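Participant: Handing you this structure, nothing more for now.
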Amino acid sequence: GDDENKRAMYLTSFEVLHPHVQRVKELMYYKDDAVAKFCASLALCTGPGSDGLLLALSRVFDVVAVLDSIKDTKACLSNDLSVYKRAFAHCRADVTNADAIFNSNNALQLFLAEKGPLLSALKAAVHRLPGAEESICAMAHLCAEALEGGWCLLPAERHRMLRACACLVWLLDCPAGGGPNAFLSRKLRRDRLGRLFKVSPVVPLYGDMHANLPLILRRCPNFSPAAAAELLPHSRREMESLTGSYDVVAAAGSLRSLVVDYTMSLPALLRRADALGGRRLGRDERGALARAVYEQVLRGCRYMA
């Protein structure tokens, strides 16, 4: 009858959605594991020689921040969960481990409703550790040193360090009476971080998403324009002057001319190398040609990056 057809339809919907909802539940379970292991590792960074571990933890911290951002931007997850729960309610008698699924569904609903659950849980756990302020500041300064010293080989690594610096300021800042104030802490080099934020205020996040570093700082509990003066641009003119560092549309004309020049000069250099290939070249001439080819290839790699 109609009831049997509806029941079969809901069971099919449940079977189709279950693997995908289970992946989101794994993210929910990952939160507790990630927080516990991050704090256990951070507790080891109390003496000299822990720079490598701090740098690795900054990368893990950035992964957690990216996962939180992706989860918060996917409004479809709540809609899919509603459909999944409706299908499960109609076919619960035919599903094994129904009680466990019911309880995990309720937990997942609370997880999806909370904004930034991974970072919030991590922040609460980190500030329960002794010496948390020193460890967070050391991690932020190490990321700044990596950016200033040119340790980042690829642009993605540089963007990761910039995102980590901004999120670490947020991680350090606590409401009044609940912990350190990132904008007053004497252990944090705000001028050093501010120079980095002012040069690259917007960086890629994941796919076509981007991270707005000033917006991350504005989410700090103790944020105010006056308190964050060392970290953010002071005037509208200064902000507009930085637009060219990340606005592709503004730089489209100059980028197009660079590409046109490169596509014209590369074939000319290759023809020159091919024409000289059958001749015996002197050491200086051969070195000059090799250097020109190397610089041309390096220029192309930089354009693609």
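Letters for chains follow the order of the structure tokens (A, B, ...), residue numbers begin at 1 for each chain, and ligand numbers begin at 1 in the order shown.
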Need to verify the contact set: region 30-40 of chain A, 12 Å, only C-alpha atoms, exclusion of same-chain residues closer than 3 positions in sequence. Can you return it as a ChimeraX atom specification?
Facilitator: /A:23-27,43-46,53-54,56-65,67-68,108,111,116-132,135-136
Participant: Once DSSP has gone over the backbone, tell me which residues of region 131-173 of chain A are in alpha helix (DSSP H), as a VMD selection string.
Facilitator: chain A and resid 132 to 148 155 to 172
Participant: Skip region 89-104 of chain A itself and residues of its chain fewer than 2 positions away, then list as a list of chain:residue names all residues within 9 Å of it, counting only C-alpha atoms.
Facilitator: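 So, after excluding close chain neighbours, the residues are A:Lys6, A:Arg7, A:Ala8, A:Tyr10, A:Leu11, A:Phe14, A:Lys25, A:Tyr84, A:Lys85, A:Arg86, A:Ala87, A:Asn106, A:Ala107, A:Leu108, A:Gln109.
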Participant: For the selection you just gave me, I'd like the residues written to a file as a PDB file, in the first residue's frame, keeping N, CA, C and O atoms.
Facilitator:
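Saved result, selection-v8.pdb, follows:
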```
ATOM      1  N   LYS A   6       5.879   4.504   1.008  1.00  0.00           N
ATOM      2  CA  LYS A   6       6.537   5.621   1.694  1.00  0.00           C
ATOM      3  C   LYS A   6       7.686   5.131   2.567  1.00  0.00           C
ATOM      4  O   LYS A   6       8.753   5.739   2.618  1.00  0.00           O
ATOM      5  N   ARG A   7       7.433   4.003   3.229  1.00  0.00           N
ATOM      6  CA  ARG A   7       8.475   3.464   4.099  1.00  0.00           C
ATOM      7  C   ARG A   7       9.699   3.053   3.288  1.00  0.00           C
ATOM      8  O   ARG A   7      10.853   3.307   3.686  1.00  0.00           O
ATOM      9  N   ALA A   8       9.460   2.426   2.130  1.00  0.00           N
ATOM     10  CA  ALA A   8      10.567   2.039   1.254  1.00  0.00           C
ATOM     11  C   ALA A   8      11.294   3.265   0.707  1.00  0.00           C
ATOM     12  O   ALA A   8      12.533   3.281   0.579  1.00  0.00           O
ATOM     13  N   TYR A  10      11.507   6.263   2.190  1.00  0.00           N
ATOM     14  CA  TYR A  10      12.300   6.855   3.261  1.00  0.00           C
ATOM     15  C   TYR A  10      13.537   6.008   3.566  1.00  0.00           C
ATOM     16  O   TYR A  10      14.616   6.551   3.870  1.00  0.00           O
ATOM     17  N   LEU A  11      13.402   4.683   3.498  1.00  0.00           N
ATOM     18  CA  LEU A  11      14.553   3.823   3.752  1.00  0.00           C
ATOM     19  C   LEU A  11      15.623   4.016   2.685  1.00  0.00           C
ATOM     20  O   LEU A  11      16.824   4.066   2.992  1.00  0.00           O
ATOM     21  N   PHE A  14      17.317   7.292   3.371  1.00  0.00           N
ATOM     22  CA  PHE A  14      18.238   7.132   4.501  1.00  0.00           C
ATOM     23  C   PHE A  14      19.527   6.455   4.058  1.00  0.00           C
ATOM     24  O   PHE A  14      20.630   6.887   4.437  1.00  0.00           O
ATOM     25  N   LYS A  25      29.620  13.598  10.731  1.00  0.00           N
ATOM     26  CA  LYS A  25      29.742  13.148  12.121  1.00  0.00           C
ATOM     27  C   LYS A  25      31.205  12.861  12.467  1.00  0.00           C
ATOM     28  O   LYS A  25      31.645  13.098  13.600  1.00  0.00           O
ATOM     29  N   TYR A  84      17.629  13.889   6.400  1.00  0.00           N
ATOM     30  CA  TYR A  84      18.139  12.612   6.911  1.00  0.00           C
ATOM     31  C   TYR A  84      17.376  12.196   8.171  1.00  0.00           C
ATOM     32  O   TYR A  84      16.983  11.018   8.317  1.00  0.00           O
ATOM     33  N   LYS A  85      17.134  13.118   9.072  1.00  0.00           N
ATOM     34  CA  LYS A  85      16.426  12.799  10.304  1.00  0.00           C
ATOM     35  C   LYS A  85      14.960  12.445  10.027  1.00  0.00           C
ATOM     36  O   LYS A  85      14.395  11.552  10.685  1.00  0.00           O
ATOM     37  N   ARG A  86      14.361  13.108   9.059  1.00  0.00           N
ATOM     38  CA  ARG A  86      12.977  12.794   8.699  1.00  0.00           C
ATOM     39  C   ARG A  86      12.889  11.387   8.113  1.00  0.00           C
ATOM     40  O   ARG A  86      11.981  10.618   8.461  1.00  0.00           O
ATOM     41  N   ALA A  87      13.828  11.042   7.251  1.00  0.00           N
ATOM     42  CA  ALA A  87      13.833   9.697   6.673  1.00  0.00           C
ATOM     43  C   ALA A  87      14.098   8.649   7.759  1.00  0.00           C
ATOM     44  O   ALA A  87      13.474   7.579   7.768  1.00  0.00           O
ATOM     45  N   ASN A 106      21.215  14.010  17.204  1.00  0.00           N
ATOM     46  CA  ASN A 106      20.960  15.172  18.074  1.00  0.00           C
ATOM     47  C   ASN A 106      22.257  15.932  18.367  1.00  0.00           C
ATOM     48  O   ASN A 106      22.272  17.167  18.386  1.00  0.00           O
ATOM     49  N   ALA A 107      23.343  15.175  18.592  1.00  0.00           N
ATOM     50  CA  ALA A 107      24.632  15.832  18.833  1.00  0.00           C
ATOM     51  C   ALA A 107      25.098  16.583  17.594  1.00  0.00           C
ATOM     52  O   ALA A 107      25.647  17.692  17.696  1.00  0.00           O
ATOM     53  N   LEU A 108      24.867  15.997  16.432  1.00  0.00           N
ATOM     54  CA  LEU A 108      25.288  16.649  15.184  1.00  0.00           C
ATOM     55  C   LEU A 108      24.495  17.921  14.933  1.00  0.00           C
ATOM     56  O   LEU A 108      25.037  18.912  14.424  1.00  0.00           O
ATOM     57  N   GLN A 109      23.229  17.921  15.280  1.00  0.00           N
ATOM     58  CA  GLN A 109      22.412  19.128  15.097  1.00  0.00           C
ATOM     59  C   GLN A 109      22.959  20.288  15.925  1.00  0.00           C
ATOM     60  O   GLN A 109      23.020  21.433  15.462  1.00  0.00           O
TER      61      GLN A 109
END
```
Participant: Report, in Å to a single decimal, how far apart CA of Phe197 (chain A) and CA of Leu147 (chain A) are.
Facilitator: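 Between these atoms lies a distance of 11.2 Å.
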Participant: Enumerate the residues of region 117-296 of chain A with a DSSP assignment of strand (DSSP E), computed from the backbone, and present them as a ChimeraX atom specification.
Facilitator: /A:202-204,210-212
Participant: Go ahead and dump the residues you just picked, all heavy atoms, as a PDB file, in the first residue's frame.
Facilitator:
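Output below, filename part_15.pdb:
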```
ATOM      1  N   VAL A 202      44.124  40.154   2.907  1.00  0.00           N
ATOM      2  CA  VAL A 202      43.215  39.117   2.404  1.00  0.00           C
ATOM      3  C   VAL A 202      44.046  38.036   1.730  1.00  0.00           C
ATOM      4  O   VAL A 202      44.893  38.346   0.884  1.00  0.00           O
ATOM      5  CB  VAL A 202      42.186  39.696   1.409  1.00  0.00           C
ATOM      6  CG1 VAL A 202      41.284  38.597   0.862  1.00  0.00           C
ATOM      7  CG2 VAL A 202      41.345  40.781   2.074  1.00  0.00           C
ATOM      8  N   VAL A 203      43.837  36.774   2.114  1.00  0.00           N
ATOM      9  CA  VAL A 203      44.593  35.654   1.554  1.00  0.00           C
ATOM     10  C   VAL A 203      43.626  34.536   1.189  1.00  0.00           C
ATOM     11  O   VAL A 203      42.526  34.446   1.744  1.00  0.00           O
ATOM     12  CB  VAL A 203      45.655  35.136   2.548  1.00  0.00           C
ATOM     13  CG1 VAL A 203      46.701  36.186   2.830  1.00  0.00           C
ATOM     14  CG2 VAL A 203      45.009  34.668   3.846  1.00  0.00           C
ATOM     15  N   PRO A 204      44.004  33.658   0.257  1.00  0.00           N
ATOM     16  CA  PRO A 204      43.144  32.515  -0.068  1.00  0.00           C
ATOM     17  C   PRO A 204      42.956  31.602   1.136  1.00  0.00           C
ATOM     18  O   PRO A 204      43.835  31.480   1.989  1.00  0.00           O
ATOM     19  CB  PRO A 204      43.914  31.796  -1.183  1.00  0.00           C
ATOM     20  CG  PRO A 204      44.835  32.829  -1.750  1.00  0.00           C
ATOM     21  CD  PRO A 204      45.199  33.725  -0.606  1.00  0.00           C
ATOM     22  N   HIS A 210      38.110  32.898   0.676  1.00  0.00           N
ATOM     23  CA  HIS A 210      39.245  33.717   1.106  1.00  0.00           C
ATOM     24  C   HIS A 210      39.119  34.014   2.594  1.00  0.00           C
ATOM     25  O   HIS A 210      38.025  33.934   3.172  1.00  0.00           O
ATOM     26  CB  HIS A 210      39.320  35.030   0.310  1.00  0.00           C
ATOM     27  CG  HIS A 210      38.191  35.976   0.610  1.00  0.00           C
ATOM     28  ND1 HIS A 210      36.982  35.921  -0.053  1.00  0.00           N
ATOM     29  CD2 HIS A 210      38.080  37.000   1.499  1.00  0.00           C
ATOM     30  CE1 HIS A 210      36.183  36.862   0.411  1.00  0.00           C
ATOM     31  NE2 HIS A 210      36.822  37.537   1.363  1.00  0.00           N
ATOM     32  N   ALA A 211      40.245  34.337   3.200  1.00  0.00           N
ATOM     33  CA  ALA A 211      40.292  34.702   4.621  1.00  0.00           C
ATOM     34  C   ALA A 211      40.599  36.186   4.729  1.00  0.00           C
ATOM     35  O   ALA A 211      41.624  36.652   4.219  1.00  0.00           O
ATOM     36  CB  ALA A 211      41.353  33.882   5.345  1.00  0.00           C
ATOM     37  N   ASN A 212      39.725  36.923   5.384  1.00  0.00           N
ATOM     38  CA  ASN A 212      39.904  38.349   5.626  1.00  0.00           C
ATOM     39  C   ASN A 212      40.530  38.504   7.011  1.00  0.00           C
ATOM     40  O   ASN A 212      39.858  38.328   8.036  1.00  0.00           O
ATOM     41  CB  ASN A 212      38.551  39.062   5.549  1.00  0.00           C
ATOM     42  CG  ASN A 212      38.689  40.568   5.569  1.00  0.00           C
ATOM     43  OD1 ASN A 212      39.482  41.114   6.331  1.00  0.00           O
ATOM     44  ND2 ASN A 212      37.930  41.251   4.734  1.00  0.00           N
TER      45      ASN A 212
END
```
Participant: Please report the interatomic distance between CA of Ala166 (chain A) and CA of Lys198 (chain A) in Å with one decimal.
Facilitator: 11.6 Å
Participant: Would you pick out the contacts of Leu266 (chain A) at 10 Å or less, using only C-alpha atoms, so that residues sharing its chain but fewer than 6 positions from it are not included, and give the list as a list in words?
Facilitator: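 Skipping anything fewer than 6 positions along the chain leaves Arg272, Val293, Gln296, Val297 and Gly300 of chain A.
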Participant: If we count only C-alpha atoms, what is near region 171-185 of chain A at a cut-off of 8 Å, once residues fewer than 5 positions away on the same chain are taken out, given as a VMD selection string?
Facilitator: chain A and resid 123 127 133 136 to 137 190 220 to 223 227 to 228
Participant: So which residues touch Glu145 (chain A) within 12 Å, counting only C-alpha atoms, skipping near sequence neighbours fewer than 3 positions away, as a list in words?
Facilitator: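 Once the nearby chain positions are removed, what remains is Asp51, Leu55, Ala138, Met139, Ala140, His141, Leu142, Glu148, Gly149, Gly150, Trp151, Cys152, Arg158, Met161, Leu162, Cys165, Arg189, Arg192, Leu193 and Leu196 of chain A.
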